[in-house]
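Student: One file: query36.pdb (PDB, C-alpha atoms, pLDDT in the B column).
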ATOM      1  CA  MET A   1      26.490  52.733  62.724  1.00 36.00           C
ATOM      2  CA  LEU A   2      28.142  54.156  65.797  1.00 38.00           C
ATOM      3  CA  THR A   3      28.731  57.872  65.740  1.00 39.00           C
ATOM      4  CA  GLY A   4      30.556  60.188  68.041  1.00 38.00           C
ATOM      5  CA  THR A   5      30.940  63.906  68.382  1.00 35.00           C
ATOM      6  CA  THR A   6      34.031  65.989  68.121  1.00 36.00           C
ATOM      7  CA  ALA A   7      34.895  68.281  71.001  1.00 39.00           C
ATOM      8  CA  SER A   8      35.452  71.243  68.693  1.00 41.00           C
ATOM      9  CA  ASP A   9      32.133  71.472  66.870  1.00 45.00           C
ATOM     10  CA  ASN A  10      29.751  68.890  68.387  1.00 48.00           C
ATOM     11  CA  ALA A  11      29.068  67.639  64.843  1.00 45.00           C
ATOM     12  CA  PRO A  12      28.614  63.879  64.510  1.00 51.00           C
ATOM     13  CA  CYS A  13      31.610  61.981  63.188  1.00 60.00           C
ATOM     14  CA  GLU A  14      31.778  58.382  62.119  1.00 77.00           C
ATOM     15  CA  LEU A  15      33.975  56.017  64.048  1.00 80.00           C
ATOM     16  CA  PRO A  16      36.239  53.741  62.011  1.00 90.00           C
ATOM     17  CA  SER A  17      34.321  50.496  61.615  1.00 94.00           C
ATOM     18  CA  PHE A  18      34.228  47.165  59.817  1.00 94.00           C
ATOM     19  CA  ALA A  19      31.187  44.979  59.142  1.00 96.00           C
ATOM     20  CA  GLU A  20      30.837  41.650  57.359  1.00 97.00           C
ATOM     21  CA  GLN A  21      28.488  38.661  57.134  1.00 97.00           C
ATOM     22  CA  PHE A  22      29.817  35.123  57.567  1.00 97.00           C
ATOM     23  CA  ALA A  23      28.447  31.637  57.055  1.00 96.00           C
ATOM     24  CA  SER A  24      27.205  30.154  60.345  1.00 95.00           C
ATOM     25  CA  THR A  25      29.889  27.472  60.298  1.00 95.00           C
ATOM     26  CA  PRO A  26      33.138  26.883  62.198  1.00 96.00           C
ATOM     27  CA  ARG A  27      34.970  28.044  59.055  1.00 97.00           C
ATOM     28  CA  GLY A  28      32.959  31.288  59.101  1.00 97.00           C
ATOM     29  CA  ALA A  29      33.897  31.854  62.761  1.00 97.00           C
ATOM     30  CA  ARG A  30      37.598  31.324  61.983  1.00 97.00           C
ATOM     31  CA  LEU A  31      37.403  33.739  59.056  1.00 98.00           C
ATOM     32  CA  ALA A  32      35.704  36.370  61.244  1.00 98.00           C
ATOM     33  CA  ARG A  33      38.552  36.126  63.752  1.00 98.00           C
ATOM     34  CA  ARG A  34      41.215  36.399  61.037  1.00 98.00           C
ATOM     35  CA  LEU A  35      39.578  39.434  59.463  1.00 98.00           C
ATOM     36  CA  ALA A  36      39.259  41.077  62.885  1.00 98.00           C
ATOM     37  CA  VAL A  37      43.023  40.692  63.397  1.00 98.00           C
ATOM     38  CA  ARG A  38      43.651  42.145  59.937  1.00 97.00           C
ATOM     39  CA  ARG A  39      41.398  45.141  60.691  1.00 97.00           C
ATOM     40  CA  MET A  40      43.134  45.681  64.041  1.00 97.00           C
ATOM     41  CA  GLU A  41      46.456  45.810  62.205  1.00 97.00           C
ATOM     42  CA  GLU A  42      45.036  48.415  59.787  1.00 96.00           C
ATOM     43  CA  TRP A  43      43.993  50.452  62.834  1.00 95.00           C
ATOM     44  CA  GLY A  44      47.561  50.377  64.198  1.00 94.00           C
ATOM     45  CA  HIS A  45      47.428  47.343  66.497  1.00 96.00           C
ATOM     46  CA  PRO A  46      49.809  44.612  65.225  1.00 97.00           C
ATOM     47  CA  PRO A  47      48.669  40.966  65.478  1.00 97.00           C
ATOM     48  CA  ALA A  48      50.924  40.293  68.488  1.00 96.00           C
ATOM     49  CA  SER A  49      49.711  43.340  70.445  1.00 96.00           C
ATOM     50  CA  ASP A  50      47.618  42.882  73.571  1.00 96.00           C
ATOM     51  CA  ALA A  51      44.703  44.747  71.969  1.00 96.00           C
ATOM     52  CA  SER A  52      44.691  42.626  68.818  1.00 97.00           C
ATOM     53  CA  CYS A  53      44.992  39.374  70.775  1.00 97.00           C
ATOM     54  CA  ALA A  54      42.149  40.385  73.102  1.00 97.00           C
ATOM     55  CA  VAL A  55      39.883  41.372  70.195  1.00 98.00           C
ATOM     56  CA  ALA A  56      40.761  38.129  68.372  1.00 98.00           C
ATOM     57  CA  LEU A  57      39.808  36.070  71.427  1.00 97.00           C
ATOM     58  CA  VAL A  58      36.544  37.957  71.974  1.00 98.00           C
ATOM     59  CA  VAL A  59      35.586  37.732  68.287  1.00 98.00           C
ATOM     60  CA  GLY A  60      36.494  34.031  68.285  1.00 97.00           C
ATOM     61  CA  GLU A  61      34.340  33.284  71.329  1.00 96.00           C
ATOM     62  CA  LEU A  62      31.330  35.340  70.242  1.00 96.00           C
ATOM     63  CA  ALA A  63      31.478  34.011  66.681  1.00 97.00           C
ATOM     64  CA  ALA A  64      31.785  30.415  67.921  1.00 94.00           C
ATOM     65  CA  ASN A  65      28.765  30.976  70.183  1.00 93.00           C
ATOM     66  CA  ALA A  66      26.794  32.423  67.257  1.00 94.00           C
ATOM     67  CA  VAL A  67      27.608  29.332  65.196  1.00 94.00           C
ATOM     68  CA  ARG A  68      27.004  26.828  67.980  1.00 91.00           C
ATOM     69  CA  HIS A  69      24.054  28.341  69.859  1.00 87.00           C
ATOM     70  CA  GLY A  70      22.597  30.987  67.545  1.00 84.00           C
ATOM     71  CA  ARG A  71      22.611  29.211  64.213  1.00 84.00           C
ATOM     72  CA  VAL A  72      19.427  29.277  62.177  1.00 84.00           C
ATOM     73  CA  PRO A  73      19.639  27.202  58.976  1.00 83.00           C
ATOM     74  CA  GLY A  74      20.124  29.394  55.931  1.00 83.00           C
ATOM     75  CA  ARG A  75      21.067  32.492  57.971  1.00 90.00           C
ATOM     76  CA  ASP A  76      24.531  34.004  58.359  1.00 94.00           C
ATOM     77  CA  PHE A  77      25.969  35.759  61.394  1.00 96.00           C
ATOM     78  CA  GLY A  78      27.328  39.274  61.300  1.00 97.00           C
ATOM     79  CA  LEU A  79      30.466  40.802  62.783  1.00 98.00           C
ATOM     80  CA  ARG A  80      30.910  44.513  63.362  1.00 97.00           C
ATOM     81  CA  LEU A  81      33.966  46.207  64.857  1.00 98.00           C
ATOM     82  CA  ALA A  82      34.105  49.897  65.718  1.00 97.00           C
ATOM     83  CA  LEU A  83      37.175  51.738  66.973  1.00 96.00           C
ATOM     84  CA  ASP A  84      36.425  54.465  69.488  1.00 94.00           C
ATOM     85  CA  ALA A  85      39.885  55.922  70.075  1.00 90.00           C
ATOM     86  CA  THR A  86      38.487  58.624  72.377  1.00 92.00           C
ATOM     87  CA  ALA A  87      36.982  56.027  74.732  1.00 93.00           C
ATOM     88  CA  GLY A  88      39.942  53.673  74.193  1.00 94.00           C
ATOM     89  CA  VAL A  89      37.803  50.689  73.161  1.00 96.00           C
ATOM     90  CA  ILE A  90      37.011  48.467  70.238  1.00 97.00           C
ATOM     91  CA  ARG A  91      33.331  47.541  70.200  1.00 97.00           C
ATOM     92  CA  VAL A  92      32.811  43.998  68.961  1.00 98.00           C
ATOM     93  CA  GLU A  93      29.281  43.061  67.874  1.00 98.00           C
ATOM     94  CA  VAL A  94      28.255  39.594  66.710  1.00 97.00           C
ATOM     95  CA  SER A  95      24.683  39.220  65.462  1.00 96.00           C
ATOM     96  CA  ASP A  96      22.812  35.986  64.785  1.00 94.00           C
ATOM     97  CA  ALA A  97      19.236  35.040  63.896  1.00 90.00           C
ATOM     98  CA  ALA A  98      18.298  33.131  67.080  1.00 86.00           C
ATOM     99  CA  SER A  99      16.097  35.454  69.139  1.00 75.00           C
ATOM    100  CA  ALA A 100      15.199  32.959  71.847  1.00 71.00           C
ATOM    101  CA  LYS A 101      18.758  31.944  72.761  1.00 66.00           C
ATOM    102  CA  ARG A 102      20.198  34.909  74.675  1.00 66.00           C
ATOM    103  CA  PRO A 103      23.435  34.683  76.658  1.00 66.00           C
ATOM    104  CA  PRO A 104      23.217  34.886  80.445  1.00 60.00           C
ATOM    105  CA  ALA A 105      23.735  38.291  82.059  1.00 61.00           C
ATOM    106  CA  VAL A 106      26.831  36.950  83.838  1.00 61.00           C
ATOM    107  CA  PRO A 107      29.117  34.091  82.823  1.00 62.00           C
ATOM    108  CA  PRO A 108      27.872  30.731  84.123  1.00 60.00           C
ATOM    109  CA  PRO A 109      29.990  28.861  86.676  1.00 62.00           C
ATOM    110  CA  VAL A 110      32.582  26.640  85.035  1.00 61.00           C
ATOM    111  CA  CYS A 111      33.278  23.032  85.895  1.00 57.00           C
ATOM    112  CA  PRO A 112      37.087  22.682  86.181  1.00 57.00           C
ATOM    113  CA  GLU A 113      37.004  19.355  84.340  1.00 62.00           C
ATOM    114  CA  GLY A 114      34.599  20.568  81.641  1.00 56.00           C
ATOM    115  CA  GLU A 115      35.707  20.856  78.038  1.00 57.00           C
ATOM    116  CA  SER A 116      33.559  23.899  77.280  1.00 60.00           C
ATOM    117  CA  GLY A 117      31.758  26.744  78.981  1.00 63.00           C
ATOM    118  CA  ARG A 118      34.645  29.159  79.420  1.00 76.00           C
ATOM    119  CA  GLY A 119      33.874  31.444  76.478  1.00 81.00           C
ATOM    120  CA  LEU A 120      31.753  34.036  78.245  1.00 85.00           C
ATOM    121  CA  LEU A 121      34.109  33.946  81.229  1.00 88.00           C
ATOM    122  CA  LEU A 122      36.932  34.864  78.842  1.00 90.00           C
ATOM    123  CA  VAL A 123      34.831  37.661  77.317  1.00 93.00           C
ATOM    124  CA  ASP A 124      33.998  38.920  80.818  1.00 92.00           C
ATOM    125  CA  VAL A 125      37.709  39.098  81.713  1.00 93.00           C
ATOM    126  CA  LEU A 126      38.853  40.754  78.470  1.00 96.00           C
ATOM    127  CA  ALA A 127      36.045  43.288  78.013  1.00 96.00           C
ATOM    128  CA  VAL A 128      35.353  46.374  80.107  1.00 96.00           C
ATOM    129  CA  ARG A 129      31.667  45.563  79.597  1.00 96.00           C
ATOM    130  CA  TRP A 130      29.512  43.276  77.480  1.00 94.00           C
ATOM    131  CA  GLY A 131      25.906  42.283  76.950  1.00 93.00           C
ATOM    132  CA  SER A 132      23.260  41.498  74.381  1.00 92.00           C
ATOM    133  CA  VAL A 133      20.376  43.301  72.729  1.00 93.00           C
ATOM    134  CA  PRO A 134      17.521  42.154  70.481  1.00 91.00           C
ATOM    135  CA  ARG A 135      18.123  42.681  66.786  1.00 89.00           C
ATOM    136  CA  ARG A 136      15.380  43.836  64.429  1.00 85.00           C
ATOM    137  CA  PRO A 137      13.645  42.193  62.695  1.00 85.00           C
ATOM    138  CA  VAL A 138      14.950  38.923  64.149  1.00 86.00           C
ATOM    139  CA  GLY A 139      17.789  37.683  66.293  1.00 91.00           C
ATOM    140  CA  LYS A 140      20.159  39.252  68.765  1.00 94.00           C
ATOM    141  CA  THR A 141      23.476  41.050  68.926  1.00 95.00           C
ATOM    142  CA  VAL A 142      26.043  40.142  71.565  1.00 95.00           C
ATOM    143  CA  TRP A 143      28.531  42.945  72.087  1.00 96.00           C
ATOM    144  CA  ALA A 144      31.705  43.552  74.056  1.00 97.00           C
ATOM    145  CA  GLU A 145      33.928  46.593  74.502  1.00 98.00           C
ATOM    146  CA  VAL A 146      37.592  45.664  74.582  1.00 98.00           C
ATOM    147  CA  PRO A 147      40.115  48.230  75.882  1.00 97.00           C
ATOM    148  CA  VAL A 148      42.931  49.251  73.550  1.00 93.00           C
ATOM    149  CA  GLU A 149      46.099  51.211  74.165  1.00 77.00           C
ATOM    150  CA  ALA A 150      46.947  54.148  71.933  1.00 59.00           C
ATOM    151  CA  SER A 151      48.296  53.021  68.587  1.00 51.00           C
ATOM    152  CA  GLY A 152      51.847  53.668  67.576  1.00 47.00           C
ATOM    153  CA  ARG A 153      50.808  55.796  64.562  1.00 45.00           C
TER     154      ARG A 153
END
As a first step, turn the structure in this file into structure tokens.

Tutor:
Amino acid sequence: MLTGTTASDNAPCELPSFAEQFASTPRGARLARRLAVRRMEEWGHPPASDASCAVALVVGELAANAVRHGRVPGRDFGLRLALDATAGVIRVEVSDAASAKRPPAVPPPVCPEGESGRGLLLVDVLAVRWGSVPRRPVGKTVWAEVPVEASGR
């Protein structure tokens, strides 16, 4: 769980977060995206807002990659969102069970006529930073930090 500190007392405080497991199927990826949009709305970012749309796209791409490239039969993928209002970002984390299949450090070049291969390029454009880390005991977590404007609440 991500934690932060308050300026007044330096005591740890929990950041608002959401975590869920999904079936490693296209349906699971769609559900992850829908629930991310719902959580963004609960955090004050309506579905049509730039922040919600950006998070939806990043979750959709990372979840689709987890299903397509990180699927291990019988294993789900996980989604975690954490709102860090102080830093002005939503941290998106998608974890799968495939340790050996890590994303490249930078988006691969895209063939203009290609039908796929633009997902990480999209993540790179929408996120202030992104990467991947090994997950214990097995797998990896691909993460991205998406900037958000202050909510209207």

Student: Provide an axis-aligned box for all listed atoms of region 116-130 of chain A, padding each side by 5 Å; report its centre and its edge lengths in Å to one decimal, as lines of an AutoDock Vina configuration file.

Tutor:
center_x = 34.2
center_y = 35.1
center_z = 79.1
size_x = 19.3
size_y = 32.5
size_z = 15.2

Student: What are the closest atom pairs, with distances in Å to one decimal, for all residues of region 23-79 of chain A lying within 9 Å of region 125-142 of chain A? Consider all atoms listed in the file, order rows by chain and residue number, and present the result as CSV.

Tutor:
residue,atom,partner,partner_atom,distance
A:Ala54,CA,A:Leu126,CA,6.3
A:Val55,CA,A:Leu126,CA,8.4
A:Leu57,CA,A:Leu126,CA,8.5
A:Val58,CA,A:Leu126,CA,7.4
A:Leu62,CA,A:Val142,CA,7.3
A:Ala66,CA,A:Val142,CA,8.9
A:Gly70,CA,A:Gly139,CA,8.3
A:Gly78,CA,A:Thr141,CA,8.7

Student: Include C-alpha atoms and write out the residues we just selected as an mmCIF file, in the frame of the given file.

Tutor:
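And here's out15.cif as it stands now:
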data_model
loop_
_atom_site.group_PDB
_atom_site.id
_atom_site.type_symbol
_atom_site.label_atom_id
_atom_site.label_comp_id
_atom_site.auth_asym_id
_atom_site.auth_seq_id
_atom_site.Cartn_x
_atom_site.Cartn_y
_atom_site.Cartn_z
ATOM 1 C CA ALA A 54 42.149 40.385 73.102
ATOM 2 C CA VAL A 55 39.883 41.372 70.195
ATOM 3 C CA LEU A 57 39.808 36.070 71.427
ATOM 4 C CA VAL A 58 36.544 37.957 71.974
ATOM 5 C CA LEU A 62 31.330 35.340 70.242
ATOM 6 C CA ALA A 66 26.794 32.423 67.257
ATOM 7 C CA GLY A 70 22.597 30.987 67.545
ATOM 8 C CA GLY A 78 27.328 39.274 61.300
#

Student: Just want the 8 Å neighbourhood of Ala19 (chain A), counted on all atoms listed in the file, with same-chain residues fewer than 5 positions away dropped. Output as a PyMOL selection string.

Tutor: chain A and resi 78-81

Student: Could you tell me which of A:Ala100, A:Ala48, A:Ala32, A:Ala63 comes closest to Val123 (chain A) if we count only C-alpha atoms?

Tutor: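 Of the candidates, the smallest distance to Val123 (chain A) is held by A:Ala63.
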
Student: Would you kindly translate the PyMOL selection byres ((chain A and resi 147) around 7) into the concrete residues it picks from this file, as a PyMOL selection string?

Tutor: chain A and resi 51+88-90+127-128+145-146+148-149

Student: Could you please determine the separation between CA of Asp96 (chain A) and CA of Val72 (chain A) in Å, to one decimal place?

Tutor: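 Taking CA of Asp96 (chain A) as the start and CA of Val72 (chain A) as the end point, the length is 8.0 Å.
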
Student: For a quick check of understanding, using all atoms listed in the file, which of A:His45, A:Arg118, A:Arg39, A:Arg33 has the smallest distance to Val94 (chain A)?

Tutor: A:Arg33

Student: Mind giving me the straight-line distance from CA of Cys53 (chain A) to CA of Met40 (chain A) in Å, one decimal?

Tutor: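 About the pair CA of Cys53 (chain A) and CA of Met40 (chain A): they are 9.4 Å apart.
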
Student: May I ask for the distance between CA of Glu42 (chain A) and CA of Glu61 (chain A), given in Å to one decimal place?

Tutor: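 Computed distance, CA of Glu42 (chain A) to CA of Glu61 (chain A), equals 21.8 Å.
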
Student: Using the chain letters and numbers from the file, which residues does the PyMOL selection byres ((chain A and resi 25) around 12) grab, as a list of chain:residue names?

Tutor: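 That expression, the PyMOL selection byres ((chain A and resi 25) around 12), corresponds here to A:Gln21, A:Phe22, A:Ala23, A:Ser24, A:Pro26, A:Arg27, A:Gly28, A:Ala29, A:Arg30, A:Leu31, A:Ala32, A:Ala63, A:Ala64, A:Asn65, A:Ala66, A:Val67, A:Arg68, A:His69, A:Gly70, A:Arg71, A:Val72, A:Pro73, A:Gly74, A:Arg75, A:Asp76, A:Phe77, A:Asp96.
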
Student: Go through the shown structure with the PyMOL selection byres ((chain A and resi 43) around 10) and write out the matching residues as a PyMOL selection string.

Tutor: chain A and resi 16-17+37-42+44-46+52+83+85+151-153

Student: With all atoms listed in the file as the basis for distance, which of A:Ala144, A:Leu120, A:Leu15, A:Ala56 is at the shortest distance from Arg91 (chain A)?

Tutor: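 Of A:Ala144, A:Leu120, A:Leu15, A:Ala56, the one nearest Arg91 (chain A), counting all atoms listed in the file, is A:Ala144.
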